[in-house]
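Some notes on the structure that comes next.
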Amino acid sequence: MIPVLVVLSVTAVKDGFEDYRRHLSDNDVNHNTCRIFSGSKKIYEKREWQELHVGDIVHLSCNEIIPADILLLRSSDSQDMCYVETLNIDGENNLKQRQVVKDFVRLKGDLSAEKVISTIDCDTPNNQIYRFSGIMHCRQAGQIPVNKDNLLLRGCTLRNTDYVEGIVIYAGQESKAMLNNSGPRYKQSQLEHFMNRDVIWCVIILFVLCTISAVGNAVWLHSYEEEPLLPFIPPNTVNRDNLPYESFVLFLTCVIVYQVIIPISLYVSLEIVKLGQVYFISHDLNMYHAPSNKRLECRALNIPEELGQIQHVFCDKTGTLTENKMIFQKCTVGGTSYSGQVDTPSDDGCANGSIKVNHESLLNHSSKATKLQAINTTWETDANTAGEALQVDLDLKTEICAISSSTICDPSLLSEKLQHIQDLLLIMALCNTVVVSKKPHKDRMNDNGIIVSESSSTLFESSFSFLPSTAKIFKSFQPKNDPVSEKYTKYGLDTVQISASQSVEDVNSQSGGLDGKPYYEAESPDELALVHAASAYGVQLVRRTPDTISVMLPDKTIMDFDILRMLSFDSTRKRMSIILRNSITGKILLFCKGADSAFTVNLVDDTTAKVRNTEETFEHLEEYAKEGLRTLCLSKRMLSEEEYTDWLQVQEVAESAVEDRDEQLFSVACQIETDLELVGATGVEDRLQEGVPHCIAALRAAGMRVWVLTGDKQETAVNIAYSCQLFTPAMHVLFLTCHSKEAAQDLLYTFTKEAALWKELALVVDGRTLSYILEPQIAEDFLTLCNQCTAVLCCRATPLQKASVVRLVKEKLDVLTLAVGDGANDVTMIHTADVGVGISGQEGMQAVMASDFAMARFCHLERLLLVHGHWCYDRLASMILYFFYKNASYVLVLFWYQCYCGFSGQVMVDQMYLLVYSLLFTSLQPLINGVFDQDAPDHLLLEKPQLYKQGPQSSVYKRGTFWINMLDALYQSVVIFFVPVLVFDSSELGMWELGTLSTSICMCVHTLHLCIETRSWMWVHMASIAISFVVYIVYILLTSVVCLTCNPPSNPYWVTMHVMARPLHWFVLILVIVGALFPRFMVRMVQTNFFPNPVIQAKRCNDRKFLASYNTHTSQTTLFSATSTTHIRSPF
């Protein structure tokens, strides 16, 4: 029972430690605070998240994480909107608009809650984060419909809004984010499954040995049936008349004697070795990210060996592969391609970034430098404050000097090429949903729970004055001056032309950030990159309201446009449009941008120049796409008043339609988006994290299949797939996009037949099609096609779809899977996979908290798998096989002795040896090997990723290797026992002398056996061997001296000294060691020299290269200098 208790205790301590860490993480979340309205005190009070209940009124400030699913009832925004960042929900750091409940805005007077809200009927709690519907029953307004646009989801972050207030709809475990989180689960590695299977075989072997002993004892007793006394057995201790009973008792005795064959100590050793491996993994400086001061964190302590057997890798895109930072790289206009990098500034940056002029280009355009001096002076003034260097194309920067409000009102003042440049920059600045705001947003609630107005010193009521008796608690007060508002200044320009009656101060106060610098927030990072690029080239977006939009031109003129209609982007049209009216001329303009495929039939090419411009533009687009840039086409159309009026009537009918509303809106949008004039195109780079392409290439070279599961639209995901080398130009890409289950099944059948025609295939699947192919009837066909594809990309995938894909591959293909993500939308996928990895990036800590391993960068996955995963699997697999061999050989030695003692269950060693042999004498060496042994150095494993394949192929630990080790144990046990017996056959060697000699031989053979299997030697290996032998020798000497009556009637007193004093003892010891280990030594020698595995071959090739470089180096320099360049290998 002692070994079992030790195993259970160690496991309980480890599991308890992991549960305690999860408990601390849960406490951190539960003890976050928010402001909840107190009905008794009639003020907002700070309370913990765990105190939130459905129906509570909550006040949230800018940059505050939303604690529950909340229905939006009030916003500080004048348009009754707010903006939320959904990083933790859908993995995107773009802002999403949310609207105060329709028709509820006008009920914000002095109305009590009983008059305003009666009940809210909504969906039961569910995990569909993109769906919500309900009815708000108000006494004053009747029934008000609510939808997903009115719901703030738990885990999102409030942005660009001073404050919002709302009522809790779903709280705690019923929130949508929590329902998408399946919670932690216990993970057991595949290696442990194999080990448990072989432990069962050990139990069967134990049963066989005990049965043989029981039967043998019965036969032996029966052979003395005629004798009155049994030899060596005291009288009346055996009932020879009841042999079945005696056999059963002997069977139980042998179970106790032979139970060592079941490697109970192996479980304790595995836990200790895994702790050591996890320690060195987490302290590997090659996986430390200095900018974020984060190192790899091992959150699961029981599956490090799984890292060495991964076959499929599933990863998110946004924030996992990319930086979520777009860089404007190139644009083409008028048949000319311009290049230059414009980085999107960070949060503390601004649109008025500095310009870094390419000096090589400046030498070729010295005549233009003087012309740019006046402009660059202002931009470079902001360089110190912005902290960003924006590199632009000098030629294009020169061209835009002529753009002004006059040229916009009358484009004929410019040449045709300059007109296109002007239109290009205007579309980049205006055709978007970018919000221009001030920064920082301030929480205007004071300590008394009262919202304070920034611009008024009069009475300001609580935003929920309609609550019962709320108005009675408010009193007049004089607010302090806002120092931040007073610091809002103008752009610092002496000559600025102001349109209409606006002043620069007005523009700054409405749209500027600190020091008058616009602060941009957008729903799409692409839009943000284009707006910053336009700003860098002199056309700056300075203000946006729901009705108007203003830009500052290169001549510092502020131009206003009225927003007539916004046609949002959809995946079918693949474009978005904005219809504007020039506030000066009254002309109506339609600006449109989208994918190049969305403009093939919508362009008007009525002149030769337009045809040539279109052809050249699409040629440049093809070049941009080959470079992995995200491309957009930009176009425009002039609308007459009559055309717009007629179209508007149809549009309003479509907007008010109840049935087929989406189809009607699509048709109306396509109707106005015709006869477009192609202006130009842009190329934007979604900056990948450093090392991502190399990492993915290495994983694929290692034999892993990499799938990308993202919620992004298809075009964006495909572009990133090319950028990160998931897709290559040599691949033939199949697009699986269907609108019905039958169509999906037919397309799968067609693609499967055509797959053999292509050498490399890549598959792209959208979210709607995923819902069809995940059904059991089609899933098999889908997996058949995927097995023929080199890479798979799933777009518009929901969190549950991601998890379903991982589960489908894991269960149907029976492979080990790894999932990588960085947001709450990846939690279910991480839980479903065999190994979950969280990226501690910009999307919160949900993925990290749910993961088994957390890292700062995706590129660290290469070293984690190819180096540490390879080592962990190889070490643990070898250690498990060694324990099976070691215990079996020792037990078989005890079993052979039964042939000489009538199968009586007597052993020739002290009973304490049976307990301490595995736990004390032979446990330290395999522990050291399990932590430090390396079959190949880390640089070699990184240089040759194909060496990783031995893990997924289970080449170290197979079903056959267990039996090979059992046969080796059988052979060694025969040699260890029978050779001494034969040598001392005619001598007076006693039982205790034989037992001491056999145990010493076992100790030496098992240790040297492990030395043969060791691939790398360090001082810790030698120290472990020395310590083990010292402990063994001290133990046997002490027991021989002090153990007088340990096992009466005989005892091992002075036996050890007597045996060691005989020269024959040492001769037999050496003879048996050589005879027992000779077969394994010869097998390893033949295997290494004549049948080397890939790891040995790679090491030999590496050694040859080292020797060649060493000889070349020593022939040119001194031996001392060559020796000084030798690399010392790190133990981890």
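Quick note on naming: the chains in the structure tokens go A, B, ... in the order shown, residues restart at 1 in each chain, and ligands are numbered from 1 in order of appearance.
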
Exercise for the section: Skip Gln311 (chain A) itself and residues of its chain fewer than 2 positions away, then list as a ChimeraX atom specification all residues within 10 Å of it, counting only C-alpha atoms. Expected result: /A:307-309,313,699-700,702-706,810,814-818,949,951-953

Expected file contents, prior selection, N, CA and C atoms, as a short mmCIF file (atom, residue, chain, number, x, y, z; two decimals), in the first residue's frame:
```
data_model
loop_
_atom_site.label_atom_id
_atom_site.label_comp_id
_atom_site.auth_asym_id
_atom_site.auth_seq_id
_atom_site.Cartn_x
_atom_site.Cartn_y
_atom_site.Cartn_z
N LEU A 307 3.30 17.39 -27.12
CA LEU A 307 3.90 18.37 -28.03
C LEU A 307 4.76 17.70 -29.09
N GLY A 308 5.21 16.50 -28.84
CA GLY A 308 6.07 15.80 -29.78
C GLY A 308 5.34 14.87 -30.71
N GLN A 309 4.00 14.84 -30.66
CA GLN A 309 3.25 13.90 -31.49
C GLN A 309 2.12 14.58 -32.28
N VAL A 313 -2.44 21.00 -36.85
CA VAL A 313 -2.39 22.28 -36.13
C VAL A 313 -3.52 23.16 -36.64
N LEU A 699 6.61 23.75 -39.67
CA LEU A 699 5.61 22.80 -39.18
C LEU A 699 5.16 21.85 -40.29
N ARG A 700 4.99 22.40 -41.48
CA ARG A 700 4.60 21.55 -42.61
C ARG A 700 5.73 20.61 -43.00
N ALA A 702 7.73 19.35 -41.00
CA ALA A 702 7.76 18.34 -39.94
C ALA A 702 6.64 17.32 -40.09
N GLY A 703 5.81 17.47 -41.11
CA GLY A 703 4.74 16.52 -41.36
C GLY A 703 3.40 16.90 -40.78
N MET A 704 3.29 18.09 -40.21
CA MET A 704 2.02 18.53 -39.63
C MET A 704 1.17 19.23 -40.69
N ARG A 705 -0.12 19.01 -40.62
CA ARG A 705 -1.06 19.72 -41.48
C ARG A 705 -1.56 20.95 -40.73
N VAL A 706 -1.45 22.09 -41.38
CA VAL A 706 -1.83 23.36 -40.74
C VAL A 706 -3.14 23.84 -41.33
N LYS A 810 -10.19 15.25 -35.15
CA LYS A 810 -9.58 14.46 -34.08
C LYS A 810 -10.23 13.09 -33.94
N ASP A 814 -8.53 10.15 -36.05
CA ASP A 814 -7.77 9.60 -34.94
C ASP A 814 -6.34 10.14 -34.93
N VAL A 815 -6.22 11.45 -34.91
CA VAL A 815 -4.92 12.11 -34.91
C VAL A 815 -4.83 13.04 -33.70
N LEU A 816 -3.61 13.39 -33.36
CA LEU A 816 -3.39 14.35 -32.28
C LEU A 816 -3.46 15.76 -32.84
N THR A 817 -4.22 16.62 -32.18
CA THR A 817 -4.46 17.97 -32.69
C THR A 817 -3.96 19.01 -31.71
N LEU A 818 -3.57 20.14 -32.25
CA LEU A 818 -3.16 21.30 -31.46
C LEU A 818 -3.89 22.52 -31.98
N LYS A 949 9.09 13.81 -37.15
CA LYS A 949 8.11 12.80 -37.55
C LYS A 949 8.16 11.55 -36.70
N GLY A 951 7.84 11.36 -33.63
CA GLY A 951 6.81 11.45 -32.61
C GLY A 951 5.43 11.07 -33.13
N PRO A 952 4.93 11.74 -34.19
CA PRO A 952 3.62 11.35 -34.74
C PRO A 952 3.57 9.90 -35.20
N GLN A 953 4.69 9.36 -35.64
CA GLN A 953 4.72 7.96 -36.09
C GLN A 953 4.90 6.99 -34.93
#
```

Practice task
Please provide the set of residues having any atom within 10 Å of Arg159 (chain A), restricted to only C-alpha atoms, with same-chain residues fewer than 6 positions apart removed, written as a list of chain:residue names.
Solution key: A:Ser61, A:Cys62, A:Asn63, A:Glu64, A:Ile65, A:Cys82, A:Tyr83, A:Val84, A:Glu85, A:Leu95, A:Lys96, A:Gln97, A:His441, A:Glu521

Handout entry: Neighbour list for region 772-787 of chain A as a VMD selection string, cut-off 12 Å, only C-alpha atoms, skip fewer than 2 positions in-chain
Key = chain A and resid 312 704 to 707 734 736 to 756 760 to 770 789 to 794 797 800 to 814

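Residue neighbourhood of region 1057-1065 of chain A, excluding near-sequence residues (fewer than 4 positions): Pro980, Val983, Phe984, Leu989, Trp992, Glu993, Leu994, Thr996, Leu997, Ile1036, Leu1037, Ser1040, Val1041, Tyr1053, Leu1069, Ile1070 and Leu1071 of chain A, at 10 Å, using only C-alpha atoms.
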
Practice task
Could you give me the residues within region 12-230 of chain A that DSSP places in strand (DSSP E), as a ChimeraX atom specification?
Solution key: /A:33-38,43-48,57-61,69-75,81-85,95-99,119-122,133-138,142-147,151-152,157-159,163-170

Handout entry: Who sits within 12 Å of Val203 (chain A), only C-alpha atoms, same chain under 2 positions skipped, as an NGL selection string
Key = :A and (196-201 or 205-210 or 255 or 258-264 or 884 or 888)

Exercise for the section: Give me every alpha helix (DSSP H) residue in region 146-181 of chain A, going by DSSP on the backbone, as a list of chain:residue names. Expected result: A:Lys176, A:Ala177, A:Met178, A:Leu179

Problem - Contacts of Leu881 (chain A) at 9 Å (only C-alpha atoms; same-chain gap of 6+ positions) as a ChimeraX atom specification - result: /A:195,957,961-962,965
